[in-house]
file data.pdb (PDB, C-alpha atoms)
ATOM      1  CA  MET A   1     -21.355   9.669 -15.041
ATOM      2  CA  GLN A   2     -18.473   8.391 -12.942
ATOM      3  CA  ILE A   3     -15.472   6.566 -14.407
ATOM      4  CA  ASP A   4     -13.436   4.386 -12.066
ATOM      5  CA  LEU A   5      -9.871   4.300 -13.378
ATOM      6  CA  HIS A   6      -8.501   2.489 -10.340
ATOM      7  CA  LYS A   7     -10.088  -0.875 -11.149
ATOM      8  CA  PRO A   8      -8.802  -1.248 -14.731
ATOM      9  CA  ILE A   9      -5.314  -0.243 -13.596
ATOM     10  CA  LEU A  10      -5.352  -2.907 -10.887
ATOM     11  CA  ASP A  11      -6.903  -5.485 -13.220
ATOM     12  CA  LYS A  12      -4.102  -4.991 -15.745
ATOM     13  CA  ASN A  13      -1.500  -5.106 -12.987
ATOM     14  CA  ASP A  14      -2.971  -8.278 -11.466
ATOM     15  CA  SER A  15      -3.113 -10.045 -14.831
ATOM     16  CA  LEU A  16       0.574  -9.458 -15.452
ATOM     17  CA  ALA A  17       1.358 -10.370 -11.830
ATOM     18  CA  ALA A  18      -0.359 -13.720 -12.372
ATOM     19  CA  ASP A  19       1.872 -14.342 -15.386
ATOM     20  CA  LEU A  20       4.940 -13.468 -13.328
ATOM     21  CA  ARG A  21       3.838 -15.764 -10.495
ATOM     22  CA  LYS A  22       3.496 -18.632 -12.950
ATOM     23  CA  GLN A  23       6.951 -17.887 -14.360
ATOM     24  CA  PHE A  24       8.515 -17.830 -10.899
ATOM     25  CA  ALA A  25       6.854 -21.132 -10.009
ATOM     26  CA  GLU A  26       8.087 -22.785 -13.193
ATOM     27  CA  LYS A  27      11.639 -21.644 -12.462
ATOM     28  CA  HIS A  28      11.380 -22.492  -8.737
ATOM     29  CA  VAL A  29      12.261 -18.939  -7.721
ATOM     30  CA  TYR A  30      10.917 -17.505  -4.473
ATOM     31  CA  VAL A  31      10.132 -13.777  -4.524
ATOM     32  CA  VAL A  32       9.711 -11.604  -1.447
ATOM     33  CA  ASP A  33       8.423  -8.025  -1.612
ATOM     34  CA  LEU A  34       9.765  -5.817   1.194
ATOM     35  CA  LEU A  35       7.508  -2.937   2.243
ATOM     36  CA  ALA A  36       8.621  -0.147   4.568
ATOM     37  CA  SER A  37       9.006   3.573   5.110
ATOM     38  CA  PRO A  38      12.145   5.451   4.015
ATOM     39  CA  GLY A  39      14.856   5.061   6.634
ATOM     40  CA  SER A  40      13.466   1.878   8.173
ATOM     41  CA  GLY A  41      16.555  -0.106   7.191
ATOM     42  CA  LYS A  42      15.342  -2.015   4.131
ATOM     43  CA  THR A  43      18.740  -2.132   2.455
ATOM     44  CA  SER A  44      20.599  -3.024   5.646
ATOM     45  CA  THR A  45      18.059  -5.798   6.253
ATOM     46  CA  ILE A  46      18.588  -7.083   2.711
ATOM     47  CA  LEU A  47      22.357  -7.079   3.180
ATOM     48  CA  ALA A  48      22.056  -8.960   6.481
ATOM     49  CA  THR A  49      19.687 -11.459   4.847
ATOM     50  CA  ILE A  50      22.119 -11.990   1.985
ATOM     51  CA  ASP A  51      24.940 -12.679   4.444
ATOM     52  CA  ALA A  52      22.783 -15.270   6.201
ATOM     53  CA  LEU A  53      21.569 -17.088   3.068
ATOM     54  CA  ARG A  54      24.125 -16.661   0.293
ATOM     55  CA  ASP A  55      25.967 -19.913   1.071
ATOM     56  CA  GLU A  56      22.819 -21.916   0.336
ATOM     57  CA  PHE A  57      20.883 -19.869  -2.224
ATOM     58  CA  ASN A  58      21.558 -17.859  -5.357
ATOM     59  CA  ILE A  59      20.062 -14.436  -4.687
ATOM     60  CA  ALA A  60      19.226 -11.353  -6.740
ATOM     61  CA  VAL A  61      17.780  -8.015  -5.638
ATOM     62  CA  ILE A  62      15.434  -5.602  -7.399
ATOM     63  CA  GLU A  63      15.645  -2.087  -5.986
ATOM     64  CA  GLY A  64      12.686   0.263  -6.329
ATOM     65  CA  ASP A  65      13.279   3.971  -5.762
ATOM     66  CA  ILE A  66      11.854   7.219  -7.029
ATOM     67  CA  ALA A  67      15.379   8.172  -8.119
ATOM     68  CA  SER A  68      19.087   7.208  -7.778
ATOM     69  CA  SER A  69      20.856   3.829  -7.753
ATOM     70  CA  VAL A  70      22.582   4.127  -4.376
ATOM     71  CA  ASP A  71      21.015   1.033  -2.837
ATOM     72  CA  ALA A  72      21.567  -1.135  -5.916
ATOM     73  CA  GLU A  73      25.248  -0.230  -5.916
ATOM     74  CA  LYS A  74      25.532  -1.346  -2.277
ATOM     75  CA  ILE A  75      24.065  -4.723  -3.221
ATOM     76  CA  LYS A  76      26.307  -5.126  -6.272
ATOM     77  CA  ALA A  77      29.340  -4.376  -4.103
ATOM     78  CA  GLN A  78      28.540  -7.624  -2.249
ATOM     79  CA  GLY A  79      28.690  -9.617  -5.483
ATOM     80  CA  ILE A  80      24.916  -9.973  -5.758
ATOM     81  CA  PRO A  81      23.033  -9.222  -8.997
ATOM     82  CA  ALA A  82      20.903  -6.102  -8.555
ATOM     83  CA  VAL A  83      18.525  -4.319 -10.907
ATOM     84  CA  GLN A  84      17.508  -0.725 -10.233
ATOM     85  CA  ILE A  85      13.975   0.495 -10.993
ATOM     86  CA  ASN A  86      13.470   4.265 -10.832
ATOM     87  CA  THR A  87       9.773   5.065 -10.778
ATOM     88  CA  GLY A  88      10.225   8.736 -11.615
ATOM     89  CA  GLY A  89       7.832   9.826  -8.896
ATOM     90  CA  ALA A  90       5.489   6.856  -8.540
ATOM     91  CA  CYS A  91       5.088   5.811  -4.911
ATOM     92  CA  HIS A  92       5.112   2.052  -5.575
ATOM     93  CA  LEU A  93       6.288  -0.680  -7.902
ATOM     94  CA  GLU A  94       3.909  -2.299 -10.373
ATOM     95  CA  SER A  95       4.057  -5.686 -12.067
ATOM     96  CA  ALA A  96       4.971  -4.118 -15.439
ATOM     97  CA  MET A  97       8.013  -2.489 -13.807
ATOM     98  CA  LEU A  98       8.986  -5.759 -12.186
ATOM     99  CA  LYS A  99       8.697  -7.643 -15.469
ATOM    100  CA  ARG A 100      11.228  -5.334 -17.114
ATOM    101  CA  ALA A 101      13.641  -6.018 -14.259
ATOM    102  CA  ILE A 102      13.007  -9.769 -14.383
ATOM    103  CA  ASP A 103      13.791  -9.817 -18.091
ATOM    104  CA  VAL A 104      17.434  -8.930 -17.396
ATOM    105  CA  LEU A 105      17.883 -11.595 -14.716
ATOM    106  CA  ASP A 106      18.698 -15.247 -15.375
ATOM    107  CA  LEU A 107      15.930 -17.009 -13.460
ATOM    108  CA  GLU A 108      17.466 -20.388 -14.220
ATOM    109  CA  ARG A 109      20.345 -19.514 -11.898
ATOM    110  CA  LEU A 110      18.317 -17.994  -9.061
ATOM    111  CA  ASP A 111      16.578 -19.325  -5.961
ATOM    112  CA  LEU A 112      15.514 -16.080  -4.295
ATOM    113  CA  ILE A 113      14.655 -12.579  -5.489
ATOM    114  CA  ILE A 114      14.299  -9.840  -2.898
ATOM    115  CA  VAL A 115      12.323  -6.816  -4.072
ATOM    116  CA  GLU A 116      12.872  -3.582  -2.187
ATOM    117  CA  ASN A 117       9.703  -1.635  -2.881
ATOM    118  CA  VAL A 118       9.526   2.150  -2.847
ATOM    119  CA  GLY A 119       9.515   3.512   0.695
ATOM    120  CA  ASN A 120       5.811   3.935   1.431
ATOM    121  CA  LEU A 121       3.309   2.375   3.832
ATOM    122  CA  VAL A 122       0.200   2.910   1.696
ATOM    123  CA  CYS A 123       0.418   2.572  -2.098
ATOM    124  CA  PRO A 124       2.445  -0.670  -2.456
ATOM    125  CA  THR A 125      -0.155  -2.701  -0.575
ATOM    126  CA  ASP A 126      -2.588  -2.547  -3.517
ATOM    127  CA  PHE A 127      -0.212  -3.815  -6.198
ATOM    128  CA  ASP A 128       0.451  -7.511  -6.673
ATOM    129  CA  LEU A 129       3.914  -8.160  -8.101
ATOM    130  CA  GLY A 130       3.570 -11.903  -8.458
ATOM    131  CA  GLU A 131       5.550 -12.310  -5.239
ATOM    132  CA  ASN A 132       5.344 -15.274  -2.892
ATOM    133  CA  ALA A 133       5.298 -13.091   0.207
ATOM    134  CA  LYS A 134       5.054  -9.487   1.297
ATOM    135  CA  VAL A 135       7.138  -8.610   4.348
ATOM    136  CA  MET A 136       6.762  -5.399   6.316
ATOM    137  CA  ILE A 137       9.747  -3.700   7.991
ATOM    138  CA  LEU A 138       9.184  -1.167  10.756
ATOM    139  CA  SER A 139      12.021   0.466  12.658
ATOM    140  CA  VAL A 140      11.805   1.367  16.328
ATOM    141  CA  PRO A 141      12.359   5.128  15.741
ATOM    142  CA  GLU A 142       9.167   5.236  13.643
ATOM    143  CA  GLY A 143       7.022   4.541  16.700
ATOM    144  CA  ASP A 144       4.829   1.746  18.031
ATOM    145  CA  ASP A 145       1.610   3.340  16.726
ATOM    146  CA  LYS A 146       2.185   2.583  13.028
ATOM    147  CA  PRO A 147      -0.080  -0.514  12.959
ATOM    148  CA  LEU A 148      -2.924   1.739  14.114
ATOM    149  CA  LYS A 149      -2.164   4.418  11.512
ATOM    150  CA  TYR A 150      -1.380   2.118   8.582
ATOM    151  CA  PRO A 151      -3.296  -1.110   9.227
ATOM    152  CA  GLY A 152      -3.425  -2.173   5.571
ATOM    153  CA  VAL A 153       0.281  -2.881   5.178
ATOM    154  CA  PHE A 154       0.323  -5.026   8.318
ATOM    155  CA  GLN A 155      -2.766  -6.940   7.217
ATOM    156  CA  VAL A 156      -1.251  -7.960   3.856
ATOM    157  CA  SER A 157       2.159  -8.919   5.243
ATOM    158  CA  ASP A 158       3.199 -12.544   5.633
ATOM    159  CA  ALA A 159       5.789 -11.516   8.220
ATOM    160  CA  VAL A 160       6.743  -8.360  10.116
ATOM    161  CA  ILE A 161      10.311  -7.324  10.870
ATOM    162  CA  LEU A 162      10.898  -4.910  13.740
ATOM    163  CA  ASN A 163      14.271  -3.360  12.935
ATOM    164  CA  LYS A 164      16.688  -1.274  15.019
ATOM    165  CA  VAL A 165      15.652  -2.920  18.279
ATOM    166  CA  ASP A 166      19.062  -1.930  19.634
ATOM    167  CA  THR A 167      17.731   1.649  19.794
ATOM    168  CA  MET A 168      14.785   0.672  21.992
ATOM    169  CA  PRO A 169      16.263   2.283  25.155
ATOM    170  CA  VAL A 170      16.571   5.611  23.357
ATOM    171  CA  PHE A 171      13.031   5.834  21.980
ATOM    172  CA  ASP A 172       9.654   5.734  23.680
ATOM    173  CA  PHE A 173       8.601   2.513  21.941
ATOM    174  CA  ASP A 174       6.046   0.255  23.591
ATOM    175  CA  ARG A 175       6.962  -3.138  22.169
ATOM    176  CA  GLU A 176       4.086  -4.955  23.865
ATOM    177  CA  ALA A 177       1.548  -2.492  22.458
ATOM    178  CA  PHE A 178       3.112  -2.788  19.004
ATOM    179  CA  GLU A 179       3.020  -6.586  18.992
ATOM    180  CA  THR A 180      -0.542  -6.624  20.308
ATOM    181  CA  SER A 181      -1.672  -4.294  17.533
ATOM    182  CA  VAL A 182       0.064  -6.371  14.865
ATOM    183  CA  ARG A 183      -1.457  -9.626  16.113
ATOM    184  CA  GLU A 184      -4.933  -8.106  16.206
ATOM    185  CA  LEU A 185      -4.540  -7.073  12.559
ATOM    186  CA  ASN A 186      -2.731 -10.200  11.387
ATOM    187  CA  PRO A 187      -2.605 -13.136  13.829
ATOM    188  CA  LYS A 188      -0.698 -15.367  11.390
ATOM    189  CA  ALA A 189       2.260 -13.087  10.669
ATOM    190  CA  PRO A 190       5.361 -13.805  12.762
ATOM    191  CA  ILE A 191       7.221 -10.809  14.193
ATOM    192  CA  PHE A 192      11.017 -10.816  13.948
ATOM    193  CA  PRO A 193      12.871  -8.288  16.144
ATOM    194  CA  ILE A 194      16.279  -7.545  14.611
ATOM    195  CA  ALA A 195      19.136  -5.063  14.552
ATOM    196  CA  ALA A 196      20.151  -5.470  10.913
ATOM    197  CA  THR A 197      23.426  -3.549  11.028
ATOM    198  CA  LYS A 198      24.616  -5.632  13.981
ATOM    199  CA  GLY A 199      23.152  -8.951  12.857
ATOM    200  CA  ASP A 200      21.091  -9.394  16.019
ATOM    201  CA  GLY A 201      17.981 -11.528  15.453
ATOM    202  CA  VAL A 202      18.676 -11.958  11.745
ATOM    203  CA  GLU A 203      19.189 -15.721  12.045
ATOM    204  CA  GLU A 204      15.567 -16.371  13.054
ATOM    205  CA  TRP A 205      14.196 -14.205  10.249
ATOM    206  CA  ALA A 206      16.565 -15.778   7.707
ATOM    207  CA  SER A 207      15.594 -19.278   8.863
ATOM    208  CA  TRP A 208      11.895 -18.482   8.314
ATOM    209  CA  LEU A 209      12.655 -17.233   4.817
ATOM    210  CA  ALA A 210      14.990 -20.131   3.999
ATOM    211  CA  ASP A 211      12.270 -22.665   4.814
ATOM    212  CA  ARG A 212      10.005 -21.039   2.258
ATOM    213  CA  VAL A 213      12.680 -20.822  -0.397
ATOM    214  CA  ARG A 214      13.377 -24.533   0.003
ATOM    215  CA  GLU A 215       9.686 -25.302  -0.436
ATOM    216  CA  ALA A 216       9.699 -23.352  -3.700
TER     217      ALA A 216
END
call {"tool": "encode", "arguments": {"input": "data.pdb", "output": "structure tokens"}}
result
Amino acid sequence: MQIDLHKPILDKNDSLAADLRKQFAEKHVYVVDLLASPGSGKTSTILATIDALRDEFNIAVIEGDIASSVDAEKIKAQGIPAVQINTGGACHLESAMLKRAIDVLDLERLDLIIVENVGNLVCPTDFDLGENAKVMILSVPEGDDKPLKYPGVFQVSDAVILNKVDTMPVFDFDREAFETSVRELNPKAPIFPIAATKGDGVEEWASWLADRVREA
């Protein structure tokens, strides 16, 4: 006899995610789930996005980490509400975790919630959080072969951010090969090359996101 525990776990997660999605729609809040490896520049991308959009939208951030609250404190220092979720070893966020974070936010006052998922290119792809969009961040130092090694995360992403493009001359990164691989896996996802810490390219990415927040 074989017992599949994966399906009931996902079923429970997806049911709660559906409830969250309904709640976000009723409150007209757009939620984006950022997926990336550790060190890809998720927090710096969030900070650059906040700078680009804060004059138009009310924004909050949910930070997912195995431990610590370092990233959440960086967000709070910019005057943005931030809720820290420590998974205690889990390699991804789940909808039940997100619900606890949502319960301490005032959705009536928000337009956009940015979720920084746990740094991982595998586990988070399976877990619906009730988000409007999943966005993948890859940094140049990680290499142009990641779409070949981790196709799932690129396939589920509504957009792909290529961060740290200012380091391109230093690393052996084949941008054409990377973009070709991404488009073969996900022809609909736009690719946004940025250097988050310098602000390069952020305007185009922020404009794409802003259009979707307005629609919500």
call {"tool": "closest_residue", "arguments": {"input": "data.pdb", "among": "A:Ser139, A:Ser44, A:Asn132, A:Ser37", "to": "Thr167 of chain A", "atoms": "all atoms listed in the file"}}
result
A:Ser139
call {"tool": "resolve_selection", "arguments": {"input": "data.pdb", "expression": "the PyMOL selection byres ((chain A and resi 142) around 12)", "output": "number ranges by chain"}}
result
A: 36-41, 121, 137-141, 143-147, 149, 162-165, 167-168, 171-174, 178
call {"tool": "write_last_selection", "arguments": {"input": "data.pdb", "atoms": "C-alpha atoms", "output": "compact mmCIF listing (two decimals), in the frame of the given file"}}
result
# COMPACT_ATOMS: atom_id res chain seq x y z
CA ALA A 36 8.62 -0.15 4.57
CA SER A 37 9.01 3.57 5.11
CA PRO A 38 12.14 5.45 4.01
CA GLY A 39 14.86 5.06 6.63
CA SER A 40 13.47 1.88 8.17
CA GLY A 41 16.56 -0.11 7.19
CA LEU A 121 3.31 2.38 3.83
CA ILE A 137 9.75 -3.70 7.99
CA LEU A 138 9.18 -1.17 10.76
CA SER A 139 12.02 0.47 12.66
CA VAL A 140 11.80 1.37 16.33
CA PRO A 141 12.36 5.13 15.74
CA GLY A 143 7.02 4.54 16.70
CA ASP A 144 4.83 1.75 18.03
CA ASP A 145 1.61 3.34 16.73
CA LYS A 146 2.18 2.58 13.03
CA PRO A 147 -0.08 -0.51 12.96
CA LYS A 149 -2.16 4.42 11.51
CA LEU A 162 10.90 -4.91 13.74
CA ASN A 163 14.27 -3.36 12.94
CA LYS A 164 16.69 -1.27 15.02
CA VAL A 165 15.65 -2.92 18.28
CA THR A 167 17.73 1.65 19.79
CA MET A 168 14.78 0.67 21.99
CA PHE A 171 13.03 5.83 21.98
CA ASP A 172 9.65 5.73 23.68
CA PHE A 173 8.60 2.51 21.94
CA ASP A 174 6.05 0.26 23.59
CA PHE A 178 3.11 -2.79 19.00
call {"tool": "resolve_selection", "arguments": {"input": "data.pdb", "expression": "the PyMOL selection byres ((chain A and resi 210) around 12)", "output": "MDAnalysis selection string"}}
result
chainID A and resid 30:32 49:50 52:59 111:112 202:209 211:216
call {"tool": "atom_distance", "arguments": {"input": "data.pdb", "atom1": "atom CA of Tyr150 of chain A", "atom2": "atom CA of Val122 of chain A"}}
result
7.1 Å
call {"tool": "atom_distance", "arguments": {"input": "data.pdb", "atom1": "atom CA of Ile80 of chain A", "atom2": "atom CA of Leu47 of chain A"}}
result
9.7 Å
call {"tool": "resolve_selection", "arguments": {"input": "data.pdb", "expression": "the PyMOL selection byres ((chain A and resi 86) around 7)", "output": "list in words"}}
result
Gly64, Asp65, Ile66, Ala67, Gln84, Ile85, Thr87 and Gly88 of chain A
call {"tool": "write_last_selection", "arguments": {"input": "data.pdb", "atoms": "C-alpha atoms", "output": "PDB file, keeping the file's coordinate frame"}}
result
ATOM      1  CA  GLY A  64      12.686   0.263  -6.329  1.00  0.00           C
ATOM      2  CA  ASP A  65      13.279   3.971  -5.762  1.00  0.00           C
ATOM      3  CA  ILE A  66      11.854   7.219  -7.029  1.00  0.00           C
ATOM      4  CA  ALA A  67      15.379   8.172  -8.119  1.00  0.00           C
ATOM      5  CA  GLN A  84      17.508  -0.725 -10.233  1.00  0.00           C
ATOM      6  CA  ILE A  85      13.975   0.495 -10.993  1.00  0.00           C
ATOM      7  CA  THR A  87       9.773   5.065 -10.778  1.00  0.00           C
ATOM      8  CA  GLY A  88      10.225   8.736 -11.615  1.00  0.00           C
TER       9      GLY A  88
END
call {"tool": "residues_around", "arguments": {"input": "data.pdb", "residues": "Leu16 of chain A", "least_positions_apart": "2", "cutoff": "12 Å", "atoms": "all atoms listed in the file", "output": "list in words"}}
result
Ile9, Leu10, Asp11, Lys12, Asn13, Asp14, Ala18, Asp19, Leu20, Arg21, Lys22, Gln23, Glu94, Ser95, Ala96, Met97, Leu98, Lys99, Arg100, Phe127, Asp128, Leu129, Gly130 and Glu131 of chain A
call {"tool": "write_last_selection", "arguments": {"input": "data.pdb", "atoms": "C-alpha atoms", "output": "PDB file, in the coordinates of the input"}}
result
ATOM      1  CA  ILE A   9      -5.314  -0.243 -13.596  1.00  0.00           C
ATOM      2  CA  LEU A  10      -5.352  -2.907 -10.887  1.00  0.00           C
ATOM      3  CA  ASP A  11      -6.903  -5.485 -13.220  1.00  0.00           C
ATOM      4  CA  LYS A  12      -4.102  -4.991 -15.745  1.00  0.00           C
ATOM      5  CA  ASN A  13      -1.500  -5.106 -12.987  1.00  0.00           C
ATOM      6  CA  ASP A  14      -2.971  -8.278 -11.466  1.00  0.00           C
ATOM      7  CA  ALA A  18      -0.359 -13.720 -12.372  1.00  0.00           C
ATOM      8  CA  ASP A  19       1.872 -14.342 -15.386  1.00  0.00           C
ATOM      9  CA  LEU A  20       4.940 -13.468 -13.328  1.00  0.00           C
ATOM     10  CA  ARG A  21       3.838 -15.764 -10.495  1.00  0.00           C
ATOM     11  CA  LYS A  22       3.496 -18.632 -12.950  1.00  0.00           C
ATOM     12  CA  GLN A  23       6.951 -17.887 -14.360  1.00  0.00           C
ATOM     13  CA  GLU A  94       3.909  -2.299 -10.373  1.00  0.00           C
ATOM     14  CA  SER A  95       4.057  -5.686 -12.067  1.00  0.00           C
ATOM     15  CA  ALA A  96       4.971  -4.118 -15.439  1.00  0.00           C
ATOM     16  CA  MET A  97       8.013  -2.489 -13.807  1.00  0.00           C
ATOM     17  CA  LEU A  98       8.986  -5.759 -12.186  1.00  0.00           C
ATOM     18  CA  LYS A  99       8.697  -7.643 -15.469  1.00  0.00           C
ATOM     19  CA  ARG A 100      11.228  -5.334 -17.114  1.00  0.00           C
ATOM     20  CA  PHE A 127      -0.212  -3.815  -6.198  1.00  0.00           C
ATOM     21  CA  ASP A 128       0.451  -7.511  -6.673  1.00  0.00           C
ATOM     22  CA  LEU A 129       3.914  -8.160  -8.101  1.00  0.00           C
ATOM     23  CA  GLY A 130       3.570 -11.903  -8.458  1.00  0.00           C
ATOM     24  CA  GLU A 131       5.550 -12.310  -5.239  1.00  0.00           C
TER      25      GLU A 131
END
call {"tool": "atom_distance", "arguments": {"input": "data.pdb", "atom1": "atom CA of Leu93 of chain A", "atom2": "atom CA of Asp33 of chain A"}}
result
9.9 Å
call {"tool": "residues_around", "arguments": {"input": "data.pdb", "residues": "Lys188 of chain A", "least_positions_apart": "4", "cutoff": "10 Å", "atoms": "all atoms listed in the file", "output": "MDAnalysis selection string"}}
result
chainID A and resid 155 157:159 182:184
call {"tool": "write_last_selection", "arguments": {"input": "data.pdb", "atoms": "C-alpha atoms", "output": "PDB file, in the frame of the given file"}}
result
ATOM      1  CA  GLN A 155      -2.766  -6.940   7.217  1.00  0.00           C
ATOM      2  CA  SER A 157       2.159  -8.919   5.243  1.00  0.00           C
ATOM      3  CA  ASP A 158       3.199 -12.544   5.633  1.00  0.00           C
ATOM      4  CA  ALA A 159       5.789 -11.516   8.220  1.00  0.00           C
ATOM      5  CA  VAL A 182       0.064  -6.371  14.865  1.00  0.00           C
ATOM      6  CA  ARG A 183      -1.457  -9.626  16.113  1.00  0.00           C
ATOM      7  CA  GLU A 184      -4.933  -8.106  16.206  1.00  0.00           C
TER       8      GLU A 184
END
call {"tool": "axis_aligned_box", "arguments": {"input": "data.pdb", "around": "segment 120-130 of chain A", "padding_each_side": "8 Å", "output": "lines of an AutoDock Vina configuration file"}}
result
center_x = 1.6
center_y = -4.0
center_z = -2.3
size_x = 24.4
size_y = 31.8
size_z = 28.3
call {"tool": "closest_residue", "arguments": {"input": "data.pdb", "among": "A:Ile102, A:Val170, A:Ile62, A:Ala77", "to": "Glu116 of chain A", "atoms": "all atoms listed in the file"}}
result
A:Ile62
call {"tool": "closest_residue", "arguments": {"input": "data.pdb", "among": "A:Val160, A:Ala25, A:Ala195, A:Lys42", "to": "Ser181 of chain A", "atoms": "all atoms listed in the file"}}
result
A:Val160
call {"tool": "closest_residue", "arguments": {"input": "data.pdb", "among": "A:Thr43, A:Cys91, A:Gly199, A:Phe24", "to": "Asp103 of chain A", "atoms": "all atoms listed in the file"}}
result
A:Phe24
call {"tool": "closest_residue", "arguments": {"input": "data.pdb", "among": "A:Asp166, A:Glu26, A:Asp200, A:Asp71", "to": "Ile46 of chain A", "atoms": "only C-alpha atoms"}}
result
A:Asp71
call {"tool": "residues_around", "arguments": {"input": "data.pdb", "residues": "Leu34 of chain A", "least_positions_apart": "5", "cutoff": "6 Å", "atoms": "all atoms listed in the file", "output": "list in words"}}
result
Val115, Glu116, Asn117, Lys134, Val135 and Met136 of chain A
call {"tool": "residues_near_point", "arguments": {"input": "data.pdb", "point": "(8.8, -8.6, 16.3)", "cutoff": "8 Å", "atoms": "all atoms listed in the file", "output": "count of residues only"}}
result
9
call {"tool": "closest_residue", "arguments": {"input": "data.pdb", "among": "A:Thr180, A:Ala101, A:Val61, A:Ser69", "to": "Pro81 of chain A", "atoms": "all atoms listed in the file"}}
result
A:Val61
call {"tool": "residues_near_point", "arguments": {"input": "data.pdb", "point": "(17.2, -18.3, -13.0)", "cutoff": "9 Å", "atoms": "all atoms listed in the file", "output": "mmCIF file with C-alpha atoms, in the coordinates of the input"}}
result
data_model
loop_
_atom_site.group_PDB
_atom_site.id
_atom_site.type_symbol
_atom_site.label_atom_id
_atom_site.label_comp_id
_atom_site.auth_asym_id
_atom_site.auth_seq_id
_atom_site.Cartn_x
_atom_site.Cartn_y
_atom_site.Cartn_z
ATOM 1 C CA PHE A 24 8.515 -17.830 -10.899
ATOM 2 C CA LYS A 27 11.639 -21.644 -12.462
ATOM 3 C CA HIS A 28 11.380 -22.492 -8.737
ATOM 4 C CA VAL A 29 12.261 -18.939 -7.721
ATOM 5 C CA ASN A 58 21.558 -17.859 -5.357
ATOM 6 C CA LEU A 105 17.883 -11.595 -14.716
ATOM 7 C CA ASP A 106 18.698 -15.247 -15.375
ATOM 8 C CA LEU A 107 15.930 -17.009 -13.460
ATOM 9 C CA GLU A 108 17.466 -20.388 -14.220
ATOM 10 C CA ARG A 109 20.345 -19.514 -11.898
ATOM 11 C CA LEU A 110 18.317 -17.994 -9.061
ATOM 12 C CA ASP A 111 16.578 -19.325 -5.961
#
call {"tool": "build_atoms", "arguments": {"input": "data.pdb", "residues": "segment 20-36 of chain A", "atoms": "N, CA and C atoms", "output": "tab-separated table (two decimals), keeping the file's coordinate frame"}}
result
chain	number	residue	atom	x	y	z
A	20	LEU	N	3.64	-13.43	-14.01
A	20	LEU	CA	4.94	-13.47	-13.33
A	20	LEU	C	4.98	-14.58	-12.29
A	21	ARG	N	3.89	-14.72	-11.53
A	21	ARG	CA	3.84	-15.76	-10.50
A	21	ARG	C	3.99	-17.15	-11.11
A	22	LYS	N	3.37	-17.36	-12.25
A	22	LYS	CA	3.50	-18.63	-12.95
A	22	LYS	C	4.93	-18.85	-13.40
A	23	GLN	N	5.56	-17.80	-13.90
A	23	GLN	CA	6.95	-17.89	-14.36
A	23	GLN	C	7.88	-18.21	-13.20
A	24	PHE	N	7.68	-17.56	-12.07
A	24	PHE	CA	8.52	-17.83	-10.90
A	24	PHE	C	8.34	-19.27	-10.43
A	25	ALA	N	7.11	-19.76	-10.44
A	25	ALA	CA	6.85	-21.13	-10.01
A	25	ALA	C	7.52	-22.13	-10.94
A	26	GLU	N	7.46	-21.87	-12.23
A	26	GLU	CA	8.09	-22.78	-13.19
A	26	GLU	C	9.60	-22.83	-13.02
A	27	LYS	N	10.19	-21.72	-12.64
A	27	LYS	CA	11.64	-21.64	-12.46
A	27	LYS	C	12.08	-21.95	-11.03
A	28	HIS	N	11.10	-22.20	-10.15
A	28	HIS	CA	11.38	-22.49	-8.74
A	28	HIS	C	12.14	-21.35	-8.07
A	29	VAL	N	11.67	-20.14	-8.32
A	29	VAL	CA	12.26	-18.94	-7.72
A	29	VAL	C	11.27	-18.36	-6.71
A	30	TYR	N	11.75	-18.11	-5.51
A	30	TYR	CA	10.92	-17.50	-4.47
A	30	TYR	C	11.15	-16.00	-4.49
A	31	VAL	N	10.05	-15.24	-4.45
A	31	VAL	CA	10.13	-13.78	-4.52
A	31	VAL	C	9.49	-13.16	-3.29
A	32	VAL	N	10.24	-12.28	-2.62
A	32	VAL	CA	9.71	-11.60	-1.45
A	32	VAL	C	9.73	-10.10	-1.70
A	33	ASP	N	8.61	-9.46	-1.41
A	33	ASP	CA	8.42	-8.02	-1.61
A	33	ASP	C	8.51	-7.33	-0.26
A	34	LEU	N	9.56	-6.51	-0.07
A	34	LEU	CA	9.76	-5.82	1.19
A	34	LEU	C	9.10	-4.44	1.16
A	35	LEU	N	8.23	-4.20	2.13
A	35	LEU	CA	7.51	-2.94	2.24
A	35	LEU	C	7.95	-2.22	3.51
A	36	ALA	N	8.17	-0.90	3.40
A	36	ALA	CA	8.62	-0.15	4.57
A	36	ALA	C	8.65	1.33	4.25
